[in-house]
$ cat work15.cif   # mmCIF, N, CA and C atoms
data_structure
loop_
_atom_site.label_atom_id
_atom_site.label_comp_id
_atom_site.auth_asym_id
_atom_site.auth_seq_id
_atom_site.Cartn_x
_atom_site.Cartn_y
_atom_site.Cartn_z
N MET A 1 -87.95 -69.41 8.53
CA MET A 1 -88.22 -69.63 9.93
C MET A 1 -89.39 -70.60 10.06
N SER A 2 -89.25 -71.60 10.94
CA SER A 2 -90.33 -72.55 11.12
C SER A 2 -91.40 -71.98 12.04
N GLU A 3 -92.62 -72.40 11.81
CA GLU A 3 -93.74 -71.90 12.58
C GLU A 3 -94.26 -73.02 13.45
N ASN A 4 -94.47 -72.75 14.74
CA ASN A 4 -95.04 -73.73 15.65
C ASN A 4 -96.55 -73.75 15.45
N ARG A 5 -97.06 -74.86 14.97
CA ARG A 5 -98.49 -74.96 14.69
C ARG A 5 -99.27 -75.55 15.86
N ARG A 6 -98.60 -75.85 16.95
CA ARG A 6 -99.26 -76.47 18.09
C ARG A 6 -100.12 -75.46 18.85
N GLU A 7 -101.28 -75.93 19.27
CA GLU A 7 -102.16 -75.09 20.07
C GLU A 7 -101.70 -75.05 21.52
N PHE A 8 -101.13 -76.17 22.01
CA PHE A 8 -100.67 -76.26 23.39
C PHE A 8 -99.17 -76.50 23.42
N PHE A 9 -98.53 -76.03 24.49
CA PHE A 9 -97.10 -76.26 24.63
C PHE A 9 -96.83 -77.74 24.90
N ARG A 10 -95.62 -78.13 24.61
CA ARG A 10 -95.19 -79.52 24.77
C ARG A 10 -94.00 -79.53 25.72
N VAL A 11 -94.06 -80.35 26.77
CA VAL A 11 -92.95 -80.49 27.70
C VAL A 11 -92.02 -81.57 27.17
N ILE A 12 -90.77 -81.16 26.91
CA ILE A 12 -89.75 -82.09 26.44
C ILE A 12 -88.88 -82.45 27.63
N PHE A 13 -88.79 -83.74 27.92
CA PHE A 13 -88.03 -84.20 29.07
C PHE A 13 -86.55 -84.35 28.71
N HIS A 14 -85.66 -83.86 29.58
CA HIS A 14 -84.22 -84.04 29.35
C HIS A 14 -83.85 -85.51 29.42
N GLU A 15 -84.49 -86.23 30.30
CA GLU A 15 -84.37 -87.68 30.38
C GLU A 15 -85.78 -88.23 30.28
N SER A 16 -85.95 -89.27 29.50
CA SER A 16 -87.29 -89.82 29.28
C SER A 16 -87.94 -90.23 30.60
N VAL A 17 -89.26 -90.10 30.63
CA VAL A 17 -90.06 -90.45 31.78
C VAL A 17 -90.66 -91.84 31.55
N ASN A 18 -90.69 -92.65 32.59
CA ASN A 18 -91.29 -93.98 32.48
C ASN A 18 -92.80 -93.85 32.36
N GLY A 19 -93.37 -94.69 31.52
CA GLY A 19 -94.80 -94.74 31.36
C GLY A 19 -95.19 -96.13 30.92
N LYS A 20 -96.47 -96.33 30.69
CA LYS A 20 -96.97 -97.62 30.21
C LYS A 20 -98.05 -97.37 29.18
N ILE A 21 -98.13 -98.27 28.23
CA ILE A 21 -99.25 -98.27 27.30
C ILE A 21 -99.90 -99.64 27.38
N THR A 22 -101.18 -99.66 27.15
CA THR A 22 -101.92 -100.92 27.11
C THR A 22 -102.64 -101.00 25.78
N ARG A 23 -102.37 -102.06 25.06
CA ARG A 23 -103.06 -102.33 23.80
C ARG A 23 -104.28 -103.17 24.13
N LEU A 24 -105.33 -103.00 23.36
CA LEU A 24 -106.59 -103.70 23.61
C LEU A 24 -106.36 -105.19 23.83
N GLY A 25 -106.75 -105.68 25.00
CA GLY A 25 -106.68 -107.10 25.31
C GLY A 25 -105.29 -107.62 25.66
N GLU A 26 -104.33 -106.74 25.86
CA GLU A 26 -102.97 -107.18 26.17
C GLU A 26 -102.50 -106.61 27.51
N MET A 27 -101.38 -107.14 27.98
CA MET A 27 -100.77 -106.66 29.22
C MET A 27 -100.10 -105.31 28.95
N PRO A 28 -99.97 -104.46 29.99
CA PRO A 28 -99.30 -103.17 29.81
C PRO A 28 -97.83 -103.35 29.40
N LEU A 29 -97.35 -102.44 28.54
CA LEU A 29 -95.95 -102.42 28.11
C LEU A 29 -95.28 -101.18 28.69
N SER A 30 -94.08 -101.35 29.23
CA SER A 30 -93.32 -100.20 29.70
C SER A 30 -92.76 -99.44 28.51
N ILE A 31 -92.81 -98.12 28.59
CA ILE A 31 -92.31 -97.26 27.52
C ILE A 31 -91.49 -96.13 28.13
N MET A 32 -90.76 -95.43 27.27
CA MET A 32 -90.02 -94.24 27.66
C MET A 32 -90.69 -93.05 26.97
N VAL A 33 -91.28 -92.14 27.76
CA VAL A 33 -91.98 -90.98 27.22
C VAL A 33 -90.98 -89.85 27.00
N ASP A 34 -90.89 -89.35 25.78
CA ASP A 34 -89.96 -88.29 25.43
C ASP A 34 -90.55 -86.90 25.65
N ASN A 35 -91.84 -86.75 25.34
CA ASN A 35 -92.51 -85.47 25.56
C ASN A 35 -94.01 -85.67 25.64
N ILE A 36 -94.67 -84.69 26.27
CA ILE A 36 -96.13 -84.75 26.46
C ILE A 36 -96.70 -83.35 26.30
N SER A 37 -97.88 -83.30 25.71
CA SER A 37 -98.68 -82.07 25.70
C SER A 37 -100.10 -82.49 26.09
N VAL A 38 -100.99 -81.53 26.13
CA VAL A 38 -102.38 -81.83 26.47
C VAL A 38 -103.03 -82.68 25.39
N THR A 39 -102.53 -82.59 24.17
CA THR A 39 -103.16 -83.30 23.05
C THR A 39 -102.48 -84.60 22.66
N GLY A 40 -101.32 -84.90 23.25
CA GLY A 40 -100.65 -86.15 22.88
C GLY A 40 -99.28 -86.30 23.49
N MET A 41 -98.58 -87.36 23.09
CA MET A 41 -97.25 -87.62 23.61
C MET A 41 -96.42 -88.36 22.58
N ARG A 42 -95.10 -88.32 22.78
CA ARG A 42 -94.18 -89.09 21.94
C ARG A 42 -93.45 -90.06 22.86
N PHE A 43 -93.34 -91.31 22.42
CA PHE A 43 -92.62 -92.30 23.20
C PHE A 43 -91.85 -93.23 22.28
N THR A 44 -90.89 -93.94 22.86
CA THR A 44 -90.12 -94.92 22.11
C THR A 44 -90.34 -96.29 22.70
N SER A 45 -90.27 -97.29 21.84
CA SER A 45 -90.48 -98.67 22.25
C SER A 45 -89.89 -99.59 21.18
N PRO A 46 -89.40 -100.77 21.57
CA PRO A 46 -88.94 -101.72 20.57
C PRO A 46 -90.09 -102.50 19.94
N VAL A 47 -91.31 -102.34 20.45
CA VAL A 47 -92.48 -103.09 20.00
C VAL A 47 -93.11 -102.42 18.78
N ASN A 48 -93.55 -103.22 17.82
CA ASN A 48 -94.19 -102.69 16.62
C ASN A 48 -95.69 -102.51 16.89
N ILE A 49 -96.16 -101.27 16.76
CA ILE A 49 -97.56 -100.93 16.98
C ILE A 49 -98.08 -100.30 15.69
N ALA A 50 -99.25 -100.72 15.26
CA ALA A 50 -99.81 -100.26 13.99
C ALA A 50 -100.30 -98.81 14.08
N MET A 51 -100.18 -98.10 12.97
CA MET A 51 -100.76 -96.75 12.87
C MET A 51 -102.26 -96.84 13.15
N GLY A 52 -102.77 -95.90 13.91
CA GLY A 52 -104.19 -95.86 14.21
C GLY A 52 -104.62 -96.75 15.36
N GLU A 53 -103.70 -97.60 15.86
CA GLU A 53 -104.08 -98.51 16.96
C GLU A 53 -104.41 -97.71 18.21
N LYS A 54 -105.50 -98.11 18.87
CA LYS A 54 -105.93 -97.44 20.09
C LYS A 54 -105.14 -97.97 21.28
N LEU A 55 -104.77 -97.05 22.18
CA LEU A 55 -103.95 -97.39 23.35
C LEU A 55 -104.50 -96.69 24.59
N GLU A 56 -104.20 -97.25 25.75
CA GLU A 56 -104.38 -96.54 27.01
C GLU A 56 -102.97 -96.17 27.46
N CYS A 57 -102.75 -94.91 27.71
CA CYS A 57 -101.43 -94.41 28.08
C CYS A 57 -101.45 -94.00 29.56
N SER A 58 -100.48 -94.48 30.31
CA SER A 58 -100.39 -94.07 31.71
C SER A 58 -98.99 -93.54 31.99
N PHE A 59 -98.95 -92.46 32.76
CA PHE A 59 -97.70 -91.80 33.13
C PHE A 59 -97.98 -90.93 34.34
N GLU A 60 -96.91 -90.41 34.93
CA GLU A 60 -97.03 -89.57 36.11
C GLU A 60 -96.29 -88.26 35.89
N ILE A 61 -96.95 -87.15 36.19
CA ILE A 61 -96.35 -85.82 36.13
C ILE A 61 -96.55 -85.16 37.47
N MET A 62 -95.47 -84.75 38.11
CA MET A 62 -95.53 -84.06 39.40
C MET A 62 -96.38 -84.85 40.41
N GLU A 63 -96.10 -86.14 40.49
CA GLU A 63 -96.76 -87.06 41.42
C GLU A 63 -98.26 -87.23 41.18
N GLN A 64 -98.73 -86.82 40.02
CA GLN A 64 -100.14 -87.01 39.63
C GLN A 64 -100.18 -88.04 38.51
N GLY A 65 -100.90 -89.13 38.75
CA GLY A 65 -101.01 -90.16 37.74
C GLY A 65 -102.08 -89.84 36.71
N PHE A 66 -101.83 -90.22 35.46
CA PHE A 66 -102.78 -90.01 34.38
C PHE A 66 -102.97 -91.32 33.62
N LEU A 67 -104.19 -91.59 33.22
CA LEU A 67 -104.55 -92.71 32.36
C LEU A 67 -105.44 -92.14 31.27
N ILE A 68 -104.88 -92.05 30.05
CA ILE A 68 -105.56 -91.35 28.96
C ILE A 68 -105.59 -92.24 27.72
N GLU A 69 -106.74 -92.31 27.08
CA GLU A 69 -106.85 -93.06 25.84
C GLU A 69 -106.30 -92.24 24.68
N GLY A 70 -105.80 -92.96 23.69
CA GLY A 70 -105.27 -92.28 22.51
C GLY A 70 -105.10 -93.27 21.37
N ALA A 71 -104.54 -92.79 20.27
CA ALA A 71 -104.29 -93.63 19.10
C ALA A 71 -102.97 -93.20 18.47
N VAL A 72 -102.27 -94.16 17.86
CA VAL A 72 -101.00 -93.88 17.19
C VAL A 72 -101.27 -93.04 15.95
N VAL A 73 -100.66 -91.85 15.89
CA VAL A 73 -100.85 -90.95 14.75
C VAL A 73 -99.56 -90.71 13.96
N ARG A 74 -98.42 -91.14 14.52
CA ARG A 74 -97.13 -90.98 13.85
C ARG A 74 -96.21 -92.10 14.28
N LYS A 75 -95.34 -92.53 13.36
CA LYS A 75 -94.45 -93.65 13.65
C LYS A 75 -93.18 -93.49 12.80
N SER A 76 -92.01 -93.63 13.44
CA SER A 76 -90.75 -93.60 12.69
C SER A 76 -89.74 -94.51 13.40
N THR A 77 -88.84 -95.09 12.61
CA THR A 77 -87.87 -96.04 13.16
C THR A 77 -86.52 -95.35 13.35
N ARG A 78 -85.92 -95.60 14.51
CA ARG A 78 -84.58 -95.10 14.82
C ARG A 78 -83.79 -96.23 15.45
N ASN A 79 -82.78 -96.70 14.71
CA ASN A 79 -81.96 -97.83 15.15
C ASN A 79 -82.85 -99.02 15.46
N ASP A 80 -82.81 -99.52 16.70
CA ASP A 80 -83.60 -100.71 17.06
C ASP A 80 -84.91 -100.35 17.76
N ARG A 81 -85.23 -99.07 17.82
CA ARG A 81 -86.45 -98.64 18.51
C ARG A 81 -87.35 -97.88 17.55
N VAL A 82 -88.62 -97.89 17.88
CA VAL A 82 -89.60 -97.16 17.07
C VAL A 82 -90.12 -96.00 17.91
N GLU A 83 -90.20 -94.82 17.28
CA GLU A 83 -90.70 -93.63 17.93
C GLU A 83 -92.15 -93.43 17.49
N TYR A 84 -93.03 -93.23 18.46
CA TYR A 84 -94.47 -93.10 18.18
C TYR A 84 -95.00 -91.76 18.65
N GLY A 85 -95.94 -91.23 17.92
CA GLY A 85 -96.72 -90.08 18.34
C GLY A 85 -98.14 -90.57 18.60
N VAL A 86 -98.66 -90.24 19.77
CA VAL A 86 -100.02 -90.64 20.14
C VAL A 86 -100.87 -89.39 20.29
N GLY A 87 -102.02 -89.37 19.66
CA GLY A 87 -102.99 -88.30 19.84
C GLY A 87 -103.97 -88.72 20.91
N PHE A 88 -104.13 -87.90 21.93
CA PHE A 88 -105.03 -88.25 23.04
C PHE A 88 -106.49 -87.99 22.69
N THR A 89 -107.36 -88.82 23.25
CA THR A 89 -108.80 -88.59 23.30
C THR A 89 -109.05 -88.25 24.76
N ILE A 90 -109.22 -86.96 25.05
CA ILE A 90 -109.18 -86.50 26.44
C ILE A 90 -110.36 -85.58 26.74
N ASP A 91 -110.94 -85.73 27.92
CA ASP A 91 -112.05 -84.87 28.32
C ASP A 91 -111.51 -83.55 28.88
N GLN A 92 -112.38 -82.56 28.98
CA GLN A 92 -111.97 -81.21 29.40
C GLN A 92 -111.37 -81.21 30.81
N GLU A 93 -111.95 -81.95 31.74
CA GLU A 93 -111.45 -81.95 33.12
C GLU A 93 -110.04 -82.53 33.19
N THR A 94 -109.81 -83.67 32.54
CA THR A 94 -108.48 -84.29 32.53
C THR A 94 -107.49 -83.39 31.81
N SER A 95 -107.94 -82.77 30.72
CA SER A 95 -107.10 -81.85 29.97
C SER A 95 -106.63 -80.69 30.85
N SER A 96 -107.53 -80.13 31.64
CA SER A 96 -107.19 -79.01 32.53
C SER A 96 -106.19 -79.43 33.59
N VAL A 97 -106.39 -80.60 34.18
CA VAL A 97 -105.47 -81.09 35.21
C VAL A 97 -104.10 -81.37 34.60
N LEU A 98 -104.06 -82.00 33.44
CA LEU A 98 -102.79 -82.28 32.77
C LEU A 98 -102.08 -80.97 32.41
N PHE A 99 -102.82 -80.00 31.88
CA PHE A 99 -102.23 -78.70 31.54
C PHE A 99 -101.57 -78.08 32.76
N LYS A 100 -102.26 -78.09 33.88
CA LYS A 100 -101.75 -77.50 35.11
C LYS A 100 -100.46 -78.19 35.55
N HIS A 101 -100.45 -79.51 35.53
CA HIS A 101 -99.26 -80.25 35.96
C HIS A 101 -98.09 -80.08 34.99
N LEU A 102 -98.38 -80.05 33.70
CA LEU A 102 -97.31 -79.83 32.72
C LEU A 102 -96.71 -78.43 32.87
N ASN A 103 -97.56 -77.46 33.10
CA ASN A 103 -97.10 -76.09 33.29
C ASN A 103 -96.20 -76.00 34.52
N TYR A 104 -96.63 -76.57 35.61
CA TYR A 104 -95.85 -76.55 36.85
C TYR A 104 -94.52 -77.29 36.65
N TYR A 105 -94.57 -78.43 35.97
CA TYR A 105 -93.36 -79.19 35.69
C TYR A 105 -92.38 -78.35 34.87
N GLN A 106 -92.89 -77.69 33.83
CA GLN A 106 -92.02 -76.89 32.96
C GLN A 106 -91.41 -75.72 33.71
N ILE A 107 -92.15 -75.08 34.59
CA ILE A 107 -91.61 -73.98 35.40
C ILE A 107 -90.47 -74.50 36.27
N ARG A 108 -90.68 -75.62 36.93
CA ARG A 108 -89.62 -76.19 37.77
C ARG A 108 -88.42 -76.62 36.94
N GLN A 109 -88.68 -77.15 35.75
CA GLN A 109 -87.61 -77.59 34.86
C GLN A 109 -86.75 -76.39 34.44
N ARG A 110 -87.39 -75.29 34.08
CA ARG A 110 -86.66 -74.08 33.67
C ARG A 110 -85.86 -73.47 34.80
N LYS A 111 -86.41 -73.51 36.01
CA LYS A 111 -85.71 -72.97 37.17
C LYS A 111 -84.59 -73.89 37.63
N GLY A 112 -84.63 -75.14 37.16
CA GLY A 112 -83.61 -76.10 37.58
C GLY A 112 -83.77 -76.57 39.01
N THR A 113 -85.01 -76.57 39.52
CA THR A 113 -85.23 -76.97 40.92
C THR A 113 -85.31 -78.48 41.11
N PHE A 114 -85.25 -79.23 40.02
CA PHE A 114 -85.16 -80.68 40.12
C PHE A 114 -84.60 -81.21 38.80
N ALA A 115 -84.12 -82.42 38.86
CA ALA A 115 -83.66 -83.09 37.64
C ALA A 115 -84.78 -83.99 37.16
N ASP A 116 -84.93 -84.12 35.84
CA ASP A 116 -85.97 -85.00 35.28
C ASP A 116 -85.77 -86.41 35.76
#

$ encode --input "work15.cif" --output "structure tokens"
Amino acid sequence: MSENRREFFRVIFHESVNGKITRLGEMPLSIMVDNISVTGMRFTSPVNIAMGEKLECSFEIMEQGFLIEGAVVRKSTRNDRVEYGVGFTIDQETSSVLFKHLNYYQIRQRKGTFAD
């Protein structure tokens, strides 16, 4: 049996959520966010991003916008797209707000009160 080692729950979207990442000194890139937790997110993109590269990640959960710094901590290739894991560098206040919105989103998702 596999053990979940995560400290925080992760919201997995049935359909990817639109987001953006900004690399240092570059224009924002549109991405498809597959899942998010308080400590990070997974997204796919056709763009090659180096391991450890610092990013600004922006996305919206339950009509609340977030702009969080992070760094690429995982990378794998699938067909013509690359899947990335980003670890967030997040303050306690932003973490609490994100946790609240993710929790509310997951409750609504489970009840089926909206489509992703």

$ select_by_dssp --input "work15.cif" --residues "chain A" --states "helix (DSSP H, G or I)" --output "PyMOL selection string"
chain A and resi 92-111

$ residues_around --input "work15.cif" --residues "A:Glu15" --least-positions-apart "3" --cutoff "12 Å" --atoms "only C-alpha atoms" --output "list of chain:residue names"
A:Val11, A:Ile12, A:Asn18, A:Met32, A:Val33, A:Asp34, A:Asn35, A:Phe43, A:Gln109, A:Ala115, A:Asp116

$ select_by_dssp --input "work15.cif" --residues "chain A" --states "strand (DSSP E or B)" --output "short mmCIF file (atom, residue, chain, number, x, y, z; two decimals) with N, CA and C atoms, keeping the file's coordinate frame"
data_model
loop_
_atom_site.label_atom_id
_atom_site.label_comp_id
_atom_site.auth_asym_id
_atom_site.auth_seq_id
_atom_site.Cartn_x
_atom_site.Cartn_y
_atom_site.Cartn_z
N ARG A 10 -95.62 -78.13 24.61
CA ARG A 10 -95.19 -79.52 24.77
C ARG A 10 -94.00 -79.53 25.72
N VAL A 11 -94.06 -80.35 26.77
CA VAL A 11 -92.95 -80.49 27.70
C VAL A 11 -92.02 -81.57 27.17
N ILE A 12 -90.77 -81.16 26.91
CA ILE A 12 -89.75 -82.09 26.44
C ILE A 12 -88.88 -82.45 27.63
N PHE A 13 -88.79 -83.74 27.92
CA PHE A 13 -88.03 -84.20 29.07
C PHE A 13 -86.55 -84.35 28.71
N HIS A 14 -85.66 -83.86 29.58
CA HIS A 14 -84.22 -84.04 29.35
C HIS A 14 -83.85 -85.51 29.42
N GLU A 15 -84.49 -86.23 30.30
CA GLU A 15 -84.37 -87.68 30.38
C GLU A 15 -85.78 -88.23 30.28
N SER A 16 -85.95 -89.27 29.50
CA SER A 16 -87.29 -89.82 29.28
C SER A 16 -87.94 -90.23 30.60
N VAL A 17 -89.26 -90.10 30.63
CA VAL A 17 -90.06 -90.45 31.78
C VAL A 17 -90.66 -91.84 31.55
N ASN A 18 -90.69 -92.65 32.59
CA ASN A 18 -91.29 -93.98 32.48
C ASN A 18 -92.80 -93.85 32.36
N GLY A 19 -93.37 -94.69 31.52
CA GLY A 19 -94.80 -94.74 31.36
C GLY A 19 -95.19 -96.13 30.92
N LYS A 20 -96.47 -96.33 30.69
CA LYS A 20 -96.97 -97.62 30.21
C LYS A 20 -98.05 -97.37 29.18
N ILE A 21 -98.13 -98.27 28.23
CA ILE A 21 -99.25 -98.27 27.30
C ILE A 21 -99.90 -99.64 27.38
N THR A 22 -101.18 -99.66 27.15
CA THR A 22 -101.92 -100.92 27.11
C THR A 22 -102.64 -101.00 25.78
N ARG A 23 -102.37 -102.06 25.06
CA ARG A 23 -103.06 -102.33 23.80
C ARG A 23 -104.28 -103.17 24.13
N LEU A 29 -97.35 -102.44 28.54
CA LEU A 29 -95.95 -102.42 28.11
C LEU A 29 -95.28 -101.18 28.69
N SER A 30 -94.08 -101.35 29.23
CA SER A 30 -93.32 -100.20 29.70
C SER A 30 -92.76 -99.44 28.51
N ILE A 31 -92.81 -98.12 28.59
CA ILE A 31 -92.31 -97.26 27.52
C ILE A 31 -91.49 -96.13 28.13
N MET A 32 -90.76 -95.43 27.27
CA MET A 32 -90.02 -94.24 27.66
C MET A 32 -90.69 -93.05 26.97
N VAL A 33 -91.28 -92.14 27.76
CA VAL A 33 -91.98 -90.98 27.22
C VAL A 33 -90.98 -89.85 27.00
N ASP A 34 -90.89 -89.35 25.78
CA ASP A 34 -89.96 -88.29 25.43
C ASP A 34 -90.55 -86.90 25.65
N ASN A 35 -91.84 -86.75 25.34
CA ASN A 35 -92.51 -85.47 25.56
C ASN A 35 -94.01 -85.67 25.64
N ILE A 36 -94.67 -84.69 26.27
CA ILE A 36 -96.13 -84.75 26.46
C ILE A 36 -96.70 -83.35 26.30
N SER A 37 -97.88 -83.30 25.71
CA SER A 37 -98.68 -82.07 25.70
C SER A 37 -100.10 -82.49 26.09
N GLY A 40 -101.32 -84.90 23.25
CA GLY A 40 -100.65 -86.15 22.88
C GLY A 40 -99.28 -86.30 23.49
N MET A 41 -98.58 -87.36 23.09
CA MET A 41 -97.25 -87.62 23.61
C MET A 41 -96.42 -88.36 22.58
N ARG A 42 -95.10 -88.32 22.78
CA ARG A 42 -94.18 -89.09 21.94
C ARG A 42 -93.45 -90.06 22.86
N PHE A 43 -93.34 -91.31 22.42
CA PHE A 43 -92.62 -92.30 23.20
C PHE A 43 -91.85 -93.23 22.28
N THR A 44 -90.89 -93.94 22.86
CA THR A 44 -90.12 -94.92 22.11
C THR A 44 -90.34 -96.29 22.70
N SER A 45 -90.27 -97.29 21.84
CA SER A 45 -90.48 -98.67 22.25
C SER A 45 -89.89 -99.59 21.18
N LYS A 54 -105.50 -98.11 18.87
CA LYS A 54 -105.93 -97.44 20.09
C LYS A 54 -105.14 -97.97 21.28
N LEU A 55 -104.77 -97.05 22.18
CA LEU A 55 -103.95 -97.39 23.35
C LEU A 55 -104.50 -96.69 24.59
N GLU A 56 -104.20 -97.25 25.75
CA GLU A 56 -104.38 -96.54 27.01
C GLU A 56 -102.97 -96.17 27.46
N CYS A 57 -102.75 -94.91 27.71
CA CYS A 57 -101.43 -94.41 28.08
C CYS A 57 -101.45 -94.00 29.56
N SER A 58 -100.48 -94.48 30.31
CA SER A 58 -100.39 -94.07 31.71
C SER A 58 -98.99 -93.54 31.99
N PHE A 59 -98.95 -92.46 32.76
CA PHE A 59 -97.70 -91.80 33.13
C PHE A 59 -97.98 -90.93 34.34
N GLU A 60 -96.91 -90.41 34.93
CA GLU A 60 -97.03 -89.57 36.11
C GLU A 60 -96.29 -88.26 35.89
N ILE A 61 -96.95 -87.15 36.19
CA ILE A 61 -96.35 -85.82 36.13
C ILE A 61 -96.55 -85.16 37.47
N GLN A 64 -98.73 -86.82 40.02
CA GLN A 64 -100.14 -87.01 39.63
C GLN A 64 -100.18 -88.04 38.51
N GLY A 65 -100.90 -89.13 38.75
CA GLY A 65 -101.01 -90.16 37.74
C GLY A 65 -102.08 -89.84 36.71
N PHE A 66 -101.83 -90.22 35.46
CA PHE A 66 -102.78 -90.01 34.38
C PHE A 66 -102.97 -91.32 33.62
N LEU A 67 -104.19 -91.59 33.22
CA LEU A 67 -104.55 -92.71 32.36
C LEU A 67 -105.44 -92.14 31.27
N ILE A 68 -104.88 -92.05 30.05
CA ILE A 68 -105.56 -91.35 28.96
C ILE A 68 -105.59 -92.24 27.72
N GLU A 69 -106.74 -92.31 27.08
CA GLU A 69 -106.85 -93.06 25.84
C GLU A 69 -106.30 -92.24 24.68
N GLY A 70 -105.80 -92.96 23.69
CA GLY A 70 -105.27 -92.28 22.51
C GLY A 70 -105.10 -93.27 21.37
N ALA A 71 -104.54 -92.79 20.27
CA ALA A 71 -104.29 -93.63 19.10
C ALA A 71 -102.97 -93.20 18.47
N VAL A 72 -102.27 -94.16 17.86
CA VAL A 72 -101.00 -93.88 17.19
C VAL A 72 -101.27 -93.04 15.95
N VAL A 73 -100.66 -91.85 15.89
CA VAL A 73 -100.85 -90.95 14.75
C VAL A 73 -99.56 -90.71 13.96
N ARG A 74 -98.42 -91.14 14.52
CA ARG A 74 -97.13 -90.98 13.85
C ARG A 74 -96.21 -92.10 14.28
N LYS A 75 -95.34 -92.53 13.36
CA LYS A 75 -94.45 -93.65 13.65
C LYS A 75 -93.18 -93.49 12.80
N SER A 76 -92.01 -93.63 13.44
CA SER A 76 -90.75 -93.60 12.69
C SER A 76 -89.74 -94.51 13.40
N THR A 77 -88.84 -95.09 12.61
CA THR A 77 -87.87 -96.04 13.16
C THR A 77 -86.52 -95.35 13.35
N ARG A 78 -85.92 -95.60 14.51
CA ARG A 78 -84.58 -95.10 14.82
C ARG A 78 -83.79 -96.23 15.45
N ARG A 81 -85.23 -99.07 17.82
CA ARG A 81 -86.45 -98.64 18.51
C ARG A 81 -87.35 -97.88 17.55
N VAL A 82 -88.62 -97.89 17.88
CA VAL A 82 -89.60 -97.16 17.07
C VAL A 82 -90.12 -96.00 17.91
N GLU A 83 -90.20 -94.82 17.28
CA GLU A 83 -90.70 -93.63 17.93
C GLU A 83 -92.15 -93.43 17.49
N TYR A 84 -93.03 -93.23 18.46
CA TYR A 84 -94.47 -93.10 18.18
C TYR A 84 -95.00 -91.76 18.65
N GLY A 85 -95.94 -91.23 17.92
CA GLY A 85 -96.72 -90.08 18.34
C GLY A 85 -98.14 -90.57 18.60
N VAL A 86 -98.66 -90.24 19.77
CA VAL A 86 -100.02 -90.64 20.14
C VAL A 86 -100.87 -89.39 20.29
N GLY A 87 -102.02 -89.37 19.66
CA GLY A 87 -102.99 -88.30 19.84
C GLY A 87 -103.97 -88.72 20.91
N PHE A 88 -104.13 -87.90 21.93
CA PHE A 88 -105.03 -88.25 23.04
C PHE A 88 -106.49 -87.99 22.69
N THR A 89 -107.36 -88.82 23.25
CA THR A 89 -108.80 -88.59 23.30
C THR A 89 -109.05 -88.25 24.76
#

$ resolve_selection --input "work15.cif" --expression "the PyMOL selection byres ((chain A and resi 71) around 7)" --output "ChimeraX atom specification"
/A:51-55,69-70,72-74,85-89

$ write_last_selection --input "work15.cif" --atoms "N, CA and C atoms" --output "compact mmCIF listing (two decimals), in the frame of the given file"
# COMPACT_ATOMS: atom_id res chain seq x y z
N MET A 51 -100.18 -98.10 12.97
CA MET A 51 -100.76 -96.75 12.87
C MET A 51 -102.26 -96.84 13.15
N GLY A 52 -102.77 -95.90 13.91
CA GLY A 52 -104.19 -95.86 14.21
C GLY A 52 -104.62 -96.75 15.36
N GLU A 53 -103.70 -97.60 15.86
CA GLU A 53 -104.08 -98.51 16.96
C GLU A 53 -104.41 -97.71 18.21
N LYS A 54 -105.50 -98.11 18.87
CA LYS A 54 -105.93 -97.44 20.09
C LYS A 54 -105.14 -97.97 21.28
N LEU A 55 -104.77 -97.05 22.18
CA LEU A 55 -103.95 -97.39 23.35
C LEU A 55 -104.50 -96.69 24.59
N GLU A 69 -106.74 -92.31 27.08
CA GLU A 69 -106.85 -93.06 25.84
C GLU A 69 -106.30 -92.24 24.68
N GLY A 70 -105.80 -92.96 23.69
CA GLY A 70 -105.27 -92.28 22.51
C GLY A 70 -105.10 -93.27 21.37
N VAL A 72 -102.27 -94.16 17.86
CA VAL A 72 -101.00 -93.88 17.19
C VAL A 72 -101.27 -93.04 15.95
N VAL A 73 -100.66 -91.85 15.89
CA VAL A 73 -100.85 -90.95 14.75
C VAL A 73 -99.56 -90.71 13.96
N ARG A 74 -98.42 -91.14 14.52
CA ARG A 74 -97.13 -90.98 13.85
C ARG A 74 -96.21 -92.10 14.28
N GLY A 85 -95.94 -91.23 17.92
CA GLY A 85 -96.72 -90.08 18.34
C GLY A 85 -98.14 -90.57 18.60
N VAL A 86 -98.66 -90.24 19.77
CA VAL A 86 -100.02 -90.64 20.14
C VAL A 86 -100.87 -89.39 20.29
N GLY A 87 -102.02 -89.37 19.66
CA GLY A 87 -102.99 -88.30 19.84
C GLY A 87 -103.97 -88.72 20.91
N PHE A 88 -104.13 -87.90 21.93
CA PHE A 88 -105.03 -88.25 23.04
C PHE A 88 -106.49 -87.99 22.69
N THR A 89 -107.36 -88.82 23.25
CA THR A 89 -108.80 -88.59 23.30
C THR A 89 -109.05 -88.25 24.76

$ resolve_selection --input "work15.cif" --expression "the PyMOL selection byres ((chain A and resi 22) around 7)" --output "list of chain:residue names"
A:Lys20, A:Ile21, A:Arg23, A:Leu24, A:Gly25, A:Glu26, A:Met27, A:Pro28, A:Leu29, A:Lys54, A:Leu55, A:Glu56, A:Cys57, A:Ser58

$ residues_near_point --input "work15.cif" --point "(-101.9, -80.8, 26.7)" --cutoff "7 Å" --atoms "all atoms listed in the file" --output "list in words"
Phe8, Phe9, Ile36, Ser37, Val38, Thr39, Gly40, Ser95, Leu98 and Phe99 of chain A

$ atom_distance --input "work15.cif" --atom1 "atom CA of A:Phe59" --atom2 "atom CA of A:Gly112"
21.6 Å

$ closest_residue --input "work15.cif" --among "A:Ser30, A:Ser45, A:Val17, A:Glu93" --to "A:Asp80" --atoms "all atoms listed in the file"
A:Ser45

$ atom_distance --input "work15.cif" --atom1 "atom CA of A:His101" --atom2 "atom CA of A:Gln64"
7.7 Å
